[in-house]
Amino acid sequence: MSQKKNKKTNNAYKFSVAPMLDCTDKHFRVLMRHITNRALLYTEMIVAQALHHTQRREKLLDFYKIEHPLAIQLGGSNPNLLREAAKIAEDWGYDEINLNIGCPSSKVISGNFGAYLMAKPDQVARCVEAMVSASNLPVTIKTRLGIDNLDSNENLISFIDTVSKAGAEKFTIHARKAWLKGLDPKQNRTIPPLQPERVFDLKKKRPNLIIELNGGINSILDCQAALENCDGVMVGRAAYEYPLRWEKVDELFFGEQTKKIKASYVIKKMIPHTENHLQNGGRVWDIGRHLMHLVKDVPGARIWRNQLGRKAQEKSADLRVLEEAAHQLLDRGL
Ligand SMILES: Cc1cc2nc3c(=O)[nH]c(=O)nc-3n(C[C@H](O)[C@H](O)[C@H](O)COP(=O)(O)O)c2cc1C
């Protein structure tokens, strides 16, 4: 068992935004920071092996100061590579290290990590021990209820016990199992039924562990209901697709005063960020693609999105595209 237990887990665990490949990049995370200061944000999954190569580190790890608190999510199953990655992540300034034991893509399965590792609790324990020994950051796990036929409550509890003894401090459970044989990752996010009650049961059986529910949480009300039965909630798709839905997170879950946040306000806040990104050789679309989700479910939203999408993708796009998009919304009180 790890000698370095009981490190202080980042107490921002009540509400978090899930790691999502191709979605939760640094630009989306900065956008979220103009909506909530307190939510714990996660990077997209970064494969530990990729961090071994120094020349790729900056691109993979770079983030903006405003993004704190920020957890890095690692993928891997080799304790040595994960030890190295954990040390690098701490030096880089992350606040938490999360290991992905939930991703069911074939790439992940052939690399022997992600959800596949639910069948290998001892190996996960060795990975966790390695990461705990390498850094002072909390090491946490994101996993599923089970995989294939390894899907009983007993199996889940035994897995969690083994990994918690190794030093993992928080468990985020996507409340559905994954079928590694037969379903693709997208299907594995919709077809296996959600069973949040099994996560609540885990919390009852292991009251001293920090247990976070993930999967199918669509509203603040959903979060409040879940928080009656577990310690934290993690929101994925509904955070990416409806960022403004979460404007009251700081007030309701962290006791901080918030004010009404308009889409135009967020876009204006993103303009200096975009300017900086352009100066570093980036494109407006890198940021604009996330901003499109700020306006939905109001008359004319689709026209606004189409226009922003078209203009922001032009090679010559500059800050005026965002200024115009913000003005259009402001004129409508949005
Ligand atoms: C586009 C996309 C990419 C994802 N990438 C990751 C990832 O890199 N790591 C991970 O642990 N989960 C990933 N997930 C799963 C989410 O983190 C989350 O567990 C899942 O979407 C269920 O939560 P939700 O119903 O709130 O979306 C991804 C999900 C989506 C939709």
# chains A, B, ... in the order shown; residues from 1 in each chain; ligands from 1

call {"tool": "select_by_dssp", "arguments": {"residues": "stretch 25-107 of chain A", "states": "strand (DSSP E or B)", "output": "PDB file with N, CA and C atoms, in the first residue's frame"}}
result
ATOM      1  N   LEU A  40     -14.516  21.903 -11.020  1.00  0.00           N
ATOM      2  CA  LEU A  40     -13.242  21.276 -11.376  1.00  0.00           C
ATOM      3  C   LEU A  40     -13.301  20.916 -12.856  1.00  0.00           C
ATOM      4  N   LEU A  41     -12.306  21.361 -13.603  1.00  0.00           N
ATOM      5  CA  LEU A  41     -12.276  21.063 -15.037  1.00  0.00           C
ATOM      6  C   LEU A  41     -11.244  19.967 -15.307  1.00  0.00           C
ATOM      7  N   TYR A  42     -11.517  19.201 -16.330  1.00  0.00           N
ATOM      8  CA  TYR A  42     -10.614  18.104 -16.710  1.00  0.00           C
ATOM      9  C   TYR A  42     -10.082  18.320 -18.117  1.00  0.00           C
ATOM     10  N   THR A  43      -8.858  17.889 -18.331  1.00  0.00           N
ATOM     11  CA  THR A  43      -8.325  17.882 -19.699  1.00  0.00           C
ATOM     12  C   THR A  43      -8.977  16.734 -20.476  1.00  0.00           C
ATOM     13  N   GLU A  44      -8.782  16.719 -21.748  1.00  0.00           N
ATOM     14  CA  GLU A  44      -9.070  15.513 -22.530  1.00  0.00           C
ATOM     15  C   GLU A  44      -8.075  14.436 -22.052  1.00  0.00           C
ATOM     16  N   MET A  45      -8.372  13.188 -22.327  1.00  0.00           N
ATOM     17  CA  MET A  45      -7.424  12.143 -21.919  1.00  0.00           C
ATOM     18  C   MET A  45      -6.085  12.313 -22.656  1.00  0.00           C
ATOM     19  N   ILE A  46      -5.019  12.246 -21.890  1.00  0.00           N
ATOM     20  CA  ILE A  46      -3.669  12.320 -22.478  1.00  0.00           C
ATOM     21  C   ILE A  46      -2.981  10.984 -22.194  1.00  0.00           C
ATOM     22  N   VAL A  47      -2.515  10.341 -23.236  1.00  0.00           N
ATOM     23  CA  VAL A  47      -1.889   9.025 -23.055  1.00  0.00           C
ATOM     24  C   VAL A  47      -0.496   9.217 -22.437  1.00  0.00           C
ATOM     25  N   LEU A  70      -7.758  22.510 -12.073  1.00  0.00           N
ATOM     26  CA  LEU A  70      -7.703  21.742 -13.316  1.00  0.00           C
ATOM     27  C   LEU A  70      -7.061  20.373 -13.072  1.00  0.00           C
ATOM     28  N   ALA A  71      -7.789  19.343 -13.471  1.00  0.00           N
ATOM     29  CA  ALA A  71      -7.268  17.975 -13.345  1.00  0.00           C
ATOM     30  C   ALA A  71      -6.788  17.497 -14.706  1.00  0.00           C
ATOM     31  N   ILE A  72      -5.683  16.787 -14.707  1.00  0.00           N
ATOM     32  CA  ILE A  72      -5.224  16.159 -15.950  1.00  0.00           C
ATOM     33  C   ILE A  72      -5.755  14.734 -15.950  1.00  0.00           C
ATOM     34  N   GLN A  73      -6.286  14.301 -17.082  1.00  0.00           N
ATOM     35  CA  GLN A  73      -6.667  12.898 -17.164  1.00  0.00           C
ATOM     36  C   GLN A  73      -5.638  12.126 -17.984  1.00  0.00           C
ATOM     37  N   LEU A  74      -5.120  11.065 -17.381  1.00  0.00           N
ATOM     38  CA  LEU A  74      -4.122  10.242 -18.060  1.00  0.00           C
ATOM     39  C   LEU A  74      -4.738   8.925 -18.492  1.00  0.00           C
ATOM     40  N   GLY A  75      -4.217   8.398 -19.571  1.00  0.00           N
ATOM     41  CA  GLY A  75      -4.562   7.051 -19.995  1.00  0.00           C
ATOM     42  C   GLY A  75      -3.291   6.231 -20.003  1.00  0.00           C
ATOM     43  N   GLU A  96      -4.830  17.955  -9.969  1.00  0.00           N
ATOM     44  CA  GLU A  96      -5.263  16.584  -9.665  1.00  0.00           C
ATOM     45  C   GLU A  96      -4.841  15.701 -10.834  1.00  0.00           C
ATOM     46  N   ILE A  97      -4.581  14.446 -10.529  1.00  0.00           N
ATOM     47  CA  ILE A  97      -4.235  13.500 -11.603  1.00  0.00           C
ATOM     48  C   ILE A  97      -5.297  12.416 -11.627  1.00  0.00           C
ATOM     49  N   ASN A  98      -5.937  12.265 -12.766  1.00  0.00           N
ATOM     50  CA  ASN A  98      -7.028  11.295 -12.886  1.00  0.00           C
ATOM     51  C   ASN A  98      -6.619  10.216 -13.876  1.00  0.00           C
ATOM     52  N   LEU A  99      -6.935   8.978 -13.529  1.00  0.00           N
ATOM     53  CA  LEU A  99      -6.622   7.873 -14.438  1.00  0.00           C
ATOM     54  C   LEU A  99      -7.910   7.378 -15.090  1.00  0.00           C
ATOM     55  N   ASN A 100      -7.871   7.250 -16.384  1.00  0.00           N
ATOM     56  CA  ASN A 100      -9.051   6.820 -17.147  1.00  0.00           C
ATOM     57  C   ASN A 100      -9.167   5.298 -17.121  1.00  0.00           C
ATOM     58  N   ILE A 101     -10.217   4.827 -16.428  1.00  0.00           N
ATOM     59  CA  ILE A 101     -10.498   3.379 -16.430  1.00  0.00           C
ATOM     60  C   ILE A 101     -11.910   3.196 -16.972  1.00  0.00           C
TER      61      ILE A 101
END

call {"tool": "residues_near_ligand", "arguments": {"ligand": "ligand 1", "cutoff": "6 Å", "atoms": "only C-alpha atoms and all ligand atoms", "output": "list of chain:residue names"}}
result
A:Ala18, A:Pro19, A:Met20, A:Leu21, A:Glu44, A:Met45, A:Asn100, A:Gly102, A:Cys103, A:His174, A:Asn214, A:Gly215, A:Gly216, A:Ile217, A:Val235, A:Gly236, A:Arg237, A:Ala238

call {"tool": "closest_residue", "arguments": {"among": "A:Lys107, A:Ala134, A:Arg198, A:His273", "to": "A:Ile66", "atoms": "only C-alpha atoms"}}
result
A:His273

call {"tool": "atom_distance", "arguments": {"atom1": "atom CA of A:Pro207", "atom2": "atom CA of A:Val132"}}
result
22.1 Å

call {"tool": "residues_around", "arguments": {"residues": "A:Ile211", "least_positions_apart": "4", "cutoff": "9 Å", "atoms": "only C-alpha atoms", "output": "PyMOL selection string"}}
result
chain A and resi 170-173+199-200+202-203+206-207+230-233

call {"tool": "closest_residue", "arguments": {"among": "A:Val163, A:Leu244, A:Ala89, A:Leu145", "to": "A:Lys260", "atoms": "only C-alpha atoms"}}
result
A:Leu244

call {"tool": "residues_around", "arguments": {"residues": "A:Ser110", "least_positions_apart": "5", "cutoff": "12 Å", "atoms": "only C-alpha atoms", "output": "PDB file with C-alpha atoms, in the first residue's frame"}}
result
ATOM      1  CA  GLY A  76      -2.177   4.171 -19.552  1.00  0.00           C
ATOM      2  CA  SER A  77      -1.447   0.903 -17.813  1.00  0.00           C
ATOM      3  CA  CYS A 103     -12.944   4.605 -22.002  1.00  0.00           C
ATOM      4  CA  PRO A 104     -14.121   1.732 -24.212  1.00  0.00           C
ATOM      5  CA  SER A 105     -12.583   2.657 -27.603  1.00  0.00           C
ATOM      6  CA  ALA A 115     -12.243   0.439 -19.292  1.00  0.00           C
ATOM      7  CA  TYR A 116     -10.389  -2.788 -20.074  1.00  0.00           C
ATOM      8  CA  LEU A 117      -8.463  -2.271 -16.840  1.00  0.00           C
ATOM      9  CA  LEU A 180     -16.076  -3.787 -24.861  1.00  0.00           C
TER      10      LEU A 180
END

call {"tool": "select_by_dssp", "arguments": {"residues": "stretch 127-156 of chain A", "states": "helix (DSSP H, G or I)", "output": "ChimeraX atom specification"}}
result
/A:127-134,153-156

call {"tool": "residues_around", "arguments": {"residues": "A:Lys177", "least_positions_apart": "2", "cutoff": "10 Å", "atoms": "only C-alpha atoms", "output": "number ranges by chain"}}
result
A: 102, 104, 115, 143-152, 173-175, 179-180, 188-189, 191-195

call {"tool": "residues_around", "arguments": {"residues": "A:Met131", "least_positions_apart": "4", "cutoff": "10 Å", "atoms": "only C-alpha atoms", "output": "MDAnalysis selection string"}}
result
chainID A and resid 2 79:87 97:99 125:127 135:140 166:168

call {"tool": "residues_around", "arguments": {"residues": "A:Leu294", "least_positions_apart": "2", "cutoff": "8 Å", "atoms": "only C-alpha atoms", "output": "VMD selection string"}}
result
chain A and resid 241 to 244 263 290 to 292 296

call {"tool": "closest_residue", "arguments": {"among": "A:Lys59, A:Arg332, A:His68, A:Lys311", "to": "A:Pro299", "atoms": "only C-alpha atoms"}}
result
A:Arg332
